[in-house]
Structures are given as structure tokens and as C-alpha cells.
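Student: Below is the structure I would like to discuss, written out as C-alpha cells.
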Amino acid sequence: MKVLIITYYWPPAGGPGVQRWLKFVKYLPDFGVEPIVYIPENPTYPLIDEGLLSEVNPNVTILKQKITEPYAWASAFSKSSTKKISSGIIPNKKKQSFLQRIMLWVRGNLFIPDARVLWVKPSVNYLSKYIKENGIDTVITTGPPHSLHLIGMRLKELHSIKWFADFRDPWTTIGYHKELKLSASAEKKHKDLERKVLTGADSILVTSPTTKAEFQLLTNKPIDVITNGYDTEIVAKQPMDEKFTLAHIGSFLSERNPQMLWNALVELLAEIPDFHTYFELKLIGAVSAEVLKSIDTAGLSGYVNSLGYVPHSVAVAEQRKSQVLLLIEIDSEYTKCIIPGKLFEYMVSERPILAIGPDGADFASIIKTTNTGVFSLYSDKELIKKTILSYFNQYKEGNLKSYAIGLQQFSRKNLTSQLASILRK
């Protein structure tokens with residue numbers, strides 16, 4: 001069975017967007033499915049991880065076509081702002097420069113659904129020929145960028161194919177959507193395109209139960225939940241951090257700023273005599289200026305160890321060295337559906353998780369049922385303090401560790417088996 005997979009993010013792209021389909025492509029041949037991957041020839045990736053190239057099977061067919069990248073044009077005006085906005089880090093409204101406000105307005109109103117929309121027409125022309133010549137009858141598009149779903153929609157109109165639309169994140173209900181300064185007509189166009197994709201695809205794939213429930217209000221097409229997961233990582237046994245490290249790995253966006261966590265840490269530093277001797281806040285990945293300022297204002301900057309963005313292999317090693325892993329999601333009704341991809345790597349690291357997020361978050365139940373940590377609301381400072389203190393005491397006693405259960409269901413190979421079964425329906 002041949003399957004054409006249309007994706008924007010592919011090695012050497014770094015960050016979470018690349019992992020889902022990189023791993024599916026890795027394991028699909030084990031289930032009798034031959035993946036053919038279509039990617040841009042000249043993408044503008046905000047993050048680069050050359051190490052991921054080694055995970056691409058050299059026998060997989062990779063198709064490439066040039067893409068016109070507005071982000072490449074924008075870089076001529078401000079490389080740093082372009083990189084932040086393209087990776088989803090949107091500055092606080094009150095602190096946005098005039099150029100940043102213009103960039104956000106252009107991104108939201110002129111490039112619908114996103115800045116990769118100029119790749120749709122040339123991709124349809126190229127892939128139409130390829131589909132005819134190679135007998136392809138199954139196409140998968142994965143977004144964001146959701147403009148890739150427009151490629152699938154047009155190919156469905158032109159050819160007798162089965163089209164699966166995979167949503168790694170929601171479209172119009174994702175947190176940053178409302179930050180794009182959309183006009184009423186632009187907002188309507190986004191929603192109209194979303195509905196057309198959801199009703200035009202033969203089948204929908206999503207990463208969380210909440211997204212499935214939201215989409216069921218818009219379409220009667222079958223929707224399957226396949227979460228992200230963890231893979232077997234060949235990482236040398238890591239010596240544990242000597243400090244009591246609370247580590248956050250990945251982008252730390254402005255809206256994820258957990259003020260209650262900073263307050264809880266300040267109080268623990270004042271109340272626990274030796275806490276200051278051992279405590280370290282380890283930050284790995286891009287961190288917004290607003291988060292750094294909050295940490296500094298709280299008086300915690302002296303405890304910060306910031307490693308910046310590191311390759312995925314290094315991030316995995318740092319997870320396993322850290323004493324406690326922080327998982328922070330935006331406190332919003334719109335983010336209940338977000339199950340961060342790093343959660344699954346966290347869960348197999350044998351390190352306890354302190355997760356903070358919105359009421360009803362999908363990932364809260366995963367943490368509870370797998371016994372991998374504690375979930376807290378933003379408002380529950382006492383639970384946050386109690387959890388950190390408990391972990392700290394276990395750390396001092398030398399027995400801080402998580403005892404996970406039922407993780408096999410989230411292995412990348414098991415999830416790919418589910419995908420292969422869905423593709424064959």
C-alpha cells in the first residue's frame with residue numbers, strides 16, 4: 001500500500017512539529033505501508049536539528065518542490081521577530097513593536113490560512129502528475145501549516161483518492177489564532193476553509209479527545225484520535241543532576257508564564273532552610289522575554305540555568321538527568337486539547353512531572369492514569385508547593401523517581417500500527 005504524505009516539517013527541521021510524521025514514516029513499512037513523503041525544497045525552519053537526518057530511512061522516497069516563503073522576505077526587515085513569530089512566540093500585545101504588529105496583521109489577513117499558502121498551487125500541479133504516473137490512491141496532509149490541507153482538498157477534487165487530514169494542532173481555536181489581528185472577513189475565511197477541509201476529507205486524524213469533540217460539531221466524517229508518543233531513544237545512561245533541578249524543555253511562550261509557580265518557589269526558598277542550596281531552574285529551548293522578566297522580578301534569576309535550544313538528542317539526555325520535569329500549558333479554554341509531544345518523552349524518562357495547565361486539560365488524565373506525576377491548575381499554589389516540597393524531600397533521601405504504568409500504548413510503533421489499520425479501512 002502506497003501512501004503520499006504531504007508535510008512541511010521534515011529533518012533538518014527541529015522542534016515538535018517534525019516528530020509525529022518522522023516516526024510514522026519510520027515504522028509504516030513494518031505494517032505493509034510504503035510512505036512517500038512530499039516536502040518543500042527550500043523551507044524556512046525556525047529551528048534546525050541536523051541530528052534528526054539520521055532517523056530518515058534512506059529507502060524512503062522523498063519528493064521536493066520549491067516553496068515561496070514570505071517568512072524569508074520578512075527576515076530582511078527583522079530576522080529575530082520573523083523567527084519568533086514563525087515558531088509561535090508572539091510578543092505581549094503591549095510590548096509589540098510597530099513592525100511586529102504589521103507582521104502579525106499581514107500573517108493573519110493576507111496569508112490565509114498561513115504563510116505557506118503560496119505552495120498550494122505548484123504542489124497540486126506537481127503532485128497531480130505524480131499521482132497519475134505512480135498509481136497513488138491514498139494521500140495524507142498534516143498541519144499546521146494548515147495550507148497543506150488545501151493541497152489535499154484540491155487533489156481530492158481532481159483525482160480518485162482517499163484523503164486523510166491530520167491535525168497536530170487545531171486550526172481556528174489554537175491559542176495564537178486570536179493574536180493575528182484578524183479582520184472580520186479574514187476570520188470568516190479561516191473558518192470557512194476549516195469547515196471545507198473537515199467536510200471534504202474522507203477521514204480526520206487528531207491528537208486529542210477535545211479536538212475530536214470540537215471537530216465533530218463541524219463534520220460528520222470519521223475522526224480518529226492518535227496521540228503523539230515516545231520512541232526508543234538510544235541515550236547513554238545519564239548521571240543525575242547534583243542540584244534539585246526543575247527543568248522545562250521546549251518553547252516557553254509568554255502565555256505559559258506560571259506566576260503561581262514562581263511565587264511558590266519564592267515561598268519555598270524562604271520557608272525551607274536548605275532549599276536555596278540545592279534548587280536550580282533549568283530552561284532548555286526558546287524562552288520569551290516576558291517569562292524571563294517574571295522570573296527576574298520574582299527574584300529567581302540567580303537560580304536559572306538556561307541552555308537555550310539544543311538538538312533533540314541532547315534534550316532527551318537532559319530530561320533523564322533532571323530531577324523534576326515541568327510541563328506548562330497555556331491557561332485557556334482553547335488549550336484543553338493540547339497534549340504536548342514532549343509529555344510522552346517525559347513519561348519514559350523515569351523522572352516525575354509537575355504539570356500546570358487549564359481545567360479539563362486532556363493531558364491531565366494521561367499523567368494520572370500513567371502515574372507519571374502531578375497535575376495542577378494555575379490557581380492552586382498550595383498544591384504546587386506541596387508537590388515540589390514532596391519531590392525535594394524524596395530527592396534529599398535519594399529516592400526521587402517516577403513509577404510509570406501502561407506506557408506501551410503510547411509507543412511510536414504501537415501508534416503507527418493504529419494508523420496503518422485506519423488507512424486500510
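Each chain in the C-alpha cells gets a letter, A, B, ..., in the order shown, and its residues are numbered from 1; ligands are numbered from 1 in order too.
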Using the chain letters and numbers from this document, which residues of region 365-410 of chain A does DSSP assign to strand (DSSP E), as a PyMOL selection string?

Tutor: chain A and resi 373-377

Student: Go ahead and write the selection's residues with C-alpha atoms as a compact mmCIF listing (two decimals), in the first residue's frame.

Tutor:
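Output saved as selection06.txt:
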# COMPACT_ATOMS: atom_id res chain seq x y z
CA GLY A 373 3.42 13.00 38.01
CA VAL A 374 1.06 15.61 39.40
CA PHE A 375 -1.24 17.98 37.51
CA SER A 376 -2.16 21.36 38.99
CA LEU A 377 -4.31 24.28 37.93

Student: Going by DSSP on the backbone, which bits of region 3-252 of chain A are alpha helix (DSSP H)? Write them as a ChimeraX atom specification, please.

Tutor: /A:19-27,70-74,79-86,98-109,120-134,147-158,184-200,209-216

Student: Which of these residues is nearest to Ile48 (chain A), using only C-alpha atoms: A:Ile366, A:Ile67, A:Val124, A:Val18?

Tutor: A:Val18

Student: Go through A:Gln216, A:Ser185, A:Ser128, A:Thr61 one by one, measure the shortest atom-to-atom distance of each to Thr199 (chain A) using only C-alpha atoms, and give the residue with the smallest value.

Tutor: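 Once distances to Thr199 (chain A) are computed over only C-alpha atoms, the minimum belongs to A:Gln216.
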
Student: Excluding Thr207 (chain A) and its own-chain neighbours fewer than 5 positions away, which residues fall within 6 Å of it when counting only C-alpha atoms? Please give them as a list in words.

Tutor: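 Listing them by chain and then by number gives Arg168, Val225, Ile226 and Thr227 of chain A.
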
Student: Could you list, as a PyMOL selection string, every residue within 9 Å of Val316 (chain A), counting only C-alpha atoms and ignoring same-chain residues fewer than 5 positions away?

Tutor: chain A and resi 233+235+311+321+345-346+349

Student: What's the 9 Å shell around Pro222 (chain A), counting only C-alpha atoms, without same-chain residues fewer than 5 positions away, as a list in words?

Tutor: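 Answer for this query is Asp202, Ser203, Ile204, Leu205 and Gln216 of chain A.
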
Student: So, counting only C-alpha atoms, which residue among A:Ile272, A:Val266, A:Met347, A:Ala317 is closest to Phe392 (chain A)?

Tutor: A:Ile272

Student: Extract, using only C-alpha atoms, all DNA, RNA and protein residues at most 9 Å from Gly250 (chain A), discarding same-chain residues fewer than 2 positions from it, and format them as number ranges by chain.

Tutor: A: 15-16, 248, 252, 283-287, 309, 315, 342

Student: Those residues you just picked out, can you put them in a file as a PDB file, in the first residue's frame with N, CA and C atoms?

Tutor:
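Result file result_18.pdb:
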ATOM      1  N   GLY A  15      12.378  20.960  16.621  1.00  0.00           N
ATOM      2  CA  GLY A  15      11.135  21.261  17.310  1.00  0.00           C
ATOM      3  C   GLY A  15      10.129  20.123  17.222  1.00  0.00           C
ATOM      4  N   PRO A  16       8.977  20.291  17.883  1.00  0.00           N
ATOM      5  CA  PRO A  16       7.998  19.202  17.977  1.00  0.00           C
ATOM      6  C   PRO A  16       7.262  18.889  16.687  1.00  0.00           C
ATOM      7  N   HIS A 248      12.367  22.780  32.472  1.00  0.00           N
ATOM      8  CA  HIS A 248      11.360  22.976  31.433  1.00  0.00           C
ATOM      9  C   HIS A 248      12.059  22.852  30.093  1.00  0.00           C
ATOM     10  N   PHE A 252       9.013  28.205  25.792  1.00  0.00           N
ATOM     11  CA  PHE A 252       8.335  28.738  26.981  1.00  0.00           C
ATOM     12  C   PHE A 252       7.682  30.050  26.542  1.00  0.00           C
ATOM     13  N   LEU A 283      16.232  25.743  32.107  1.00  0.00           N
ATOM     14  CA  LEU A 283      15.400  26.096  30.962  1.00  0.00           C
ATOM     15  C   LEU A 283      16.113  25.679  29.677  1.00  0.00           C
ATOM     16  N   ILE A 284      15.446  24.833  28.884  1.00  0.00           N
ATOM     17  CA  ILE A 284      16.020  24.351  27.629  1.00  0.00           C
ATOM     18  C   ILE A 284      15.045  24.677  26.504  1.00  0.00           C
ATOM     19  N   GLY A 285      15.486  25.463  25.552  1.00  0.00           N
ATOM     20  CA  GLY A 285      14.619  25.884  24.457  1.00  0.00           C
ATOM     21  C   GLY A 285      14.412  27.387  24.481  1.00  0.00           C
ATOM     22  N   ALA A 286      13.633  27.870  23.510  1.00  0.00           N
ATOM     23  CA  ALA A 286      13.364  29.305  23.412  1.00  0.00           C
ATOM     24  C   ALA A 286      12.463  29.741  24.559  1.00  0.00           C
ATOM     25  N   VAL A 287      12.851  30.817  25.239  1.00  0.00           N
ATOM     26  CA  VAL A 287      12.083  31.349  26.365  1.00  0.00           C
ATOM     27  C   VAL A 287      11.721  32.795  26.055  1.00  0.00           C
ATOM     28  N   TYR A 309      18.244  26.593  22.929  1.00  0.00           N
ATOM     29  CA  TYR A 309      17.798  25.481  22.088  1.00  0.00           C
ATOM     30  C   TYR A 309      18.941  24.488  21.908  1.00  0.00           C
ATOM     31  N   ALA A 315      18.337  17.162  24.285  1.00  0.00           N
ATOM     32  CA  ALA A 315      17.151  17.428  25.108  1.00  0.00           C
ATOM     33  C   ALA A 315      16.702  16.167  25.838  1.00  0.00           C
ATOM     34  N   LYS A 342       6.191  16.530  24.043  1.00  0.00           N
ATOM     35  CA  LYS A 342       7.259  16.179  24.979  1.00  0.00           C
ATOM     36  C   LYS A 342       6.733  15.404  26.186  1.00  0.00           C
TER      37      LYS A 342
END

Student: Which polymer residues have any atom within 12 Å of an atom of Leu268 (chain A), counting only C-alpha atoms, with same-chain residues fewer than 6 positions away left out, as a list in words?

Tutor: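 The residues that qualify are Leu261, Trp262, Asp274, Phe275, His276, Thr277, Tyr278, Phe279, Leu300, Lys381, Glu382, Ile384, Lys385, Lys386, Thr387, Ile388, Leu389, Ser390 and Phe392 of chain A.
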
Student: Let me make sure I understand: among A:Leu415, A:Leu325, A:Ala165, A:Leu198, which one has the smallest atom-to-atom distance to Asn220 (chain A) if we use only C-alpha atoms?

Tutor: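 Of A:Leu415, A:Leu325, A:Ala165, A:Leu198, the one nearest Asn220 (chain A) is A:Leu198, counting only C-alpha atoms.
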
Student: Using only C-alpha atoms for the distances, tell me which of A:Ser306, A:Thr7, A:Ser332, A:Thr416 is nearest to Thr173 (chain A).

Tutor: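 Checking each of A:Ser306, A:Thr7, A:Ser332, A:Thr416 against Thr173 (chain A), counting only C-alpha atoms, the winner is A:Ser332.
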